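Reviewing the structure listed below.
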Amino acid sequence: MEATSGEDAPKRNPLPAALVSNLQSVLAARRPPQPEEVSTAAAAGEAEAEAPAAESSDAPAADGAPARPVVLLTCAEGIRSAGLAALVDALVAGGRCDVHVCAPESDKPACGHSITIRETITATSVDFTGAKAFEISGTPVDCVSLALSGRLFPWSAPALVISGINAGPNCGYEMFHSSAIAAAREALVYGVPSIAISLNWKKDESKDSDFKDAAQACLPLINAALADIEKGTFFRGCLLNIGVPSTPSANKGFKLTKQSGYSPTQSWQAVSTSRPSSAVHFMGMHQSLGIQLAQLGKDASAAGAARRVSAQRKTVEVESVAAAGKQEVREIVKKLFRAEFVEKQHEDLDEDIDLRALENGFISVAPLNVHGQVDPEIGAPASDWLSAVVSLDKEKEAAPTTADQQDASVAAEEKEAPSAA
């Protein structure tokens, strides 16, 4: 056997065989397709196009589930509010949409359309069964604006934005203070259909389970809105302000309403500066002695600094000199007040206003534009749409379920069967 040497000798490949195989596979995948491969792919595409219609528009997504519209939820009362939890549960259980949540980390009442600028906002993920959720260190309007920016979620335009369920009605001029209405209005500014839902909460009467009933009562309207949004026939340029009566399970149905002139009265109460705060009381009751002493030291330092600042502010020298030759001084007075809304009786007897409908047990549906008004041309289409929703809901309730049909069939067979006697 003749030996080989020099350039004729085969060179040993220093790379592992498995790595070489992987590299060859990658290079082959990047190679431009040959004409024969293109014709094969085209033939496969034509075969897919000739497939039954059931496998086209409703084809499953990559994860095996059909594509569903995205609904963004927020709530002015915070990420942990009972109203938001009830709405999430109802929509997830319904399976009609993919639910995403972006809500404030705490209650943000009556802050209107306020936004946060020149400050950093934190978005923290929160566990919600069946939904992707974030809590935001900003206002409800910040939540909607951030969610629609495309920075937080992989989408920038959900099918629908729902603000709620808020405790307390958003009737009349309350909408100008309402954070819930403002969040829905922000979506409207972005061109996204929106709904605001509130429960006519009654102190010492309402309970958290009422939110679940309110969510179930609003589901037919939400589903109808999603269906029209998908068809491109939903209202443009207005949001739906939905008010649910205090007893949702006994509601009398939906009613198209108009904004009332109701406005609650603000009651201002003086707050004593010597009253200890609840936080200090909690600390004294529950913290250890060492932590209490450390906190007392901090409080003493802060109090001393406050007295020094106060002493500097209380004495203000002025250029004018009194007749006796003494300098005049001015004392800065600091007072504390707290404002609360007090319900008052309204004199409007119109049965079509939002507040009157709630008092009569109806679910109020008021379409509002970005300025808080209802355009006259929206009234008739909104009335027709709401009538169609109510009719469809009644048809579903009247239609027998599969279980009912099976029971009826069994009963008929038993009646026709000959008796054993």
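Just so we're on the same page: first chain in the structure tokens is A, next is B, and so on; residues restart at 1 for each chain, and ligands are numbered from 1 in the order they show up.
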
* Give me every alpha helix (DSSP H) residue in stretch 86-120 of chain A, going by DSSP on the backbone, as an NGL selection string. => :A and (86-94)

Could the residues in this selection be saved with C-alpha atoms as a CSV table (one decimal), in the first residue's frame?
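Everything below was put into part-v9.csv:
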```csv
chain,number,residue,atom,x,y,z
A,86,ALA,CA,-65.2,41.3,39.3
A,87,LEU,CA,-64.9,42.7,35.8
A,88,VAL,CA,-61.7,40.7,35.1
A,89,ASP,CA,-63.3,37.5,36.3
A,90,ALA,CA,-66.5,38.0,34.2
A,91,LEU,CA,-64.6,38.7,31.0
A,92,VAL,CA,-62.1,35.9,31.5
A,93,ALA,CA,-64.9,33.4,32.2
A,94,GLY,CA,-66.8,34.6,29.2
```

* Asked: Within 9 Å of stretch 164-174 of chain A, counting only C-alpha atoms, which residues qualify if same-chain residues fewer than 6 places away don't, as a PyMOL selection string?
  -> chain A and resi 73-77+81-87+110+180-181+195-202+211+214-215+241-245+258-264+353-355+358

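Atom CA of A:Asn360 is found 27.9 Å from atom CA of A:Val161.
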
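One distance worth recording is that between atom CA of A:Glu105 and atom CA of A:Trp155, which is 21.9 Å.
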
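The coordinates place atom CA of A:Gly130 at 14.2 Å from atom CA of A:Cys102.
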
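Residue nearest A:Pro109, chosen from A:Pro140, A:Pro367, A:Gly95, A:Pro220 and counting only C-alpha atoms: A:Pro140.
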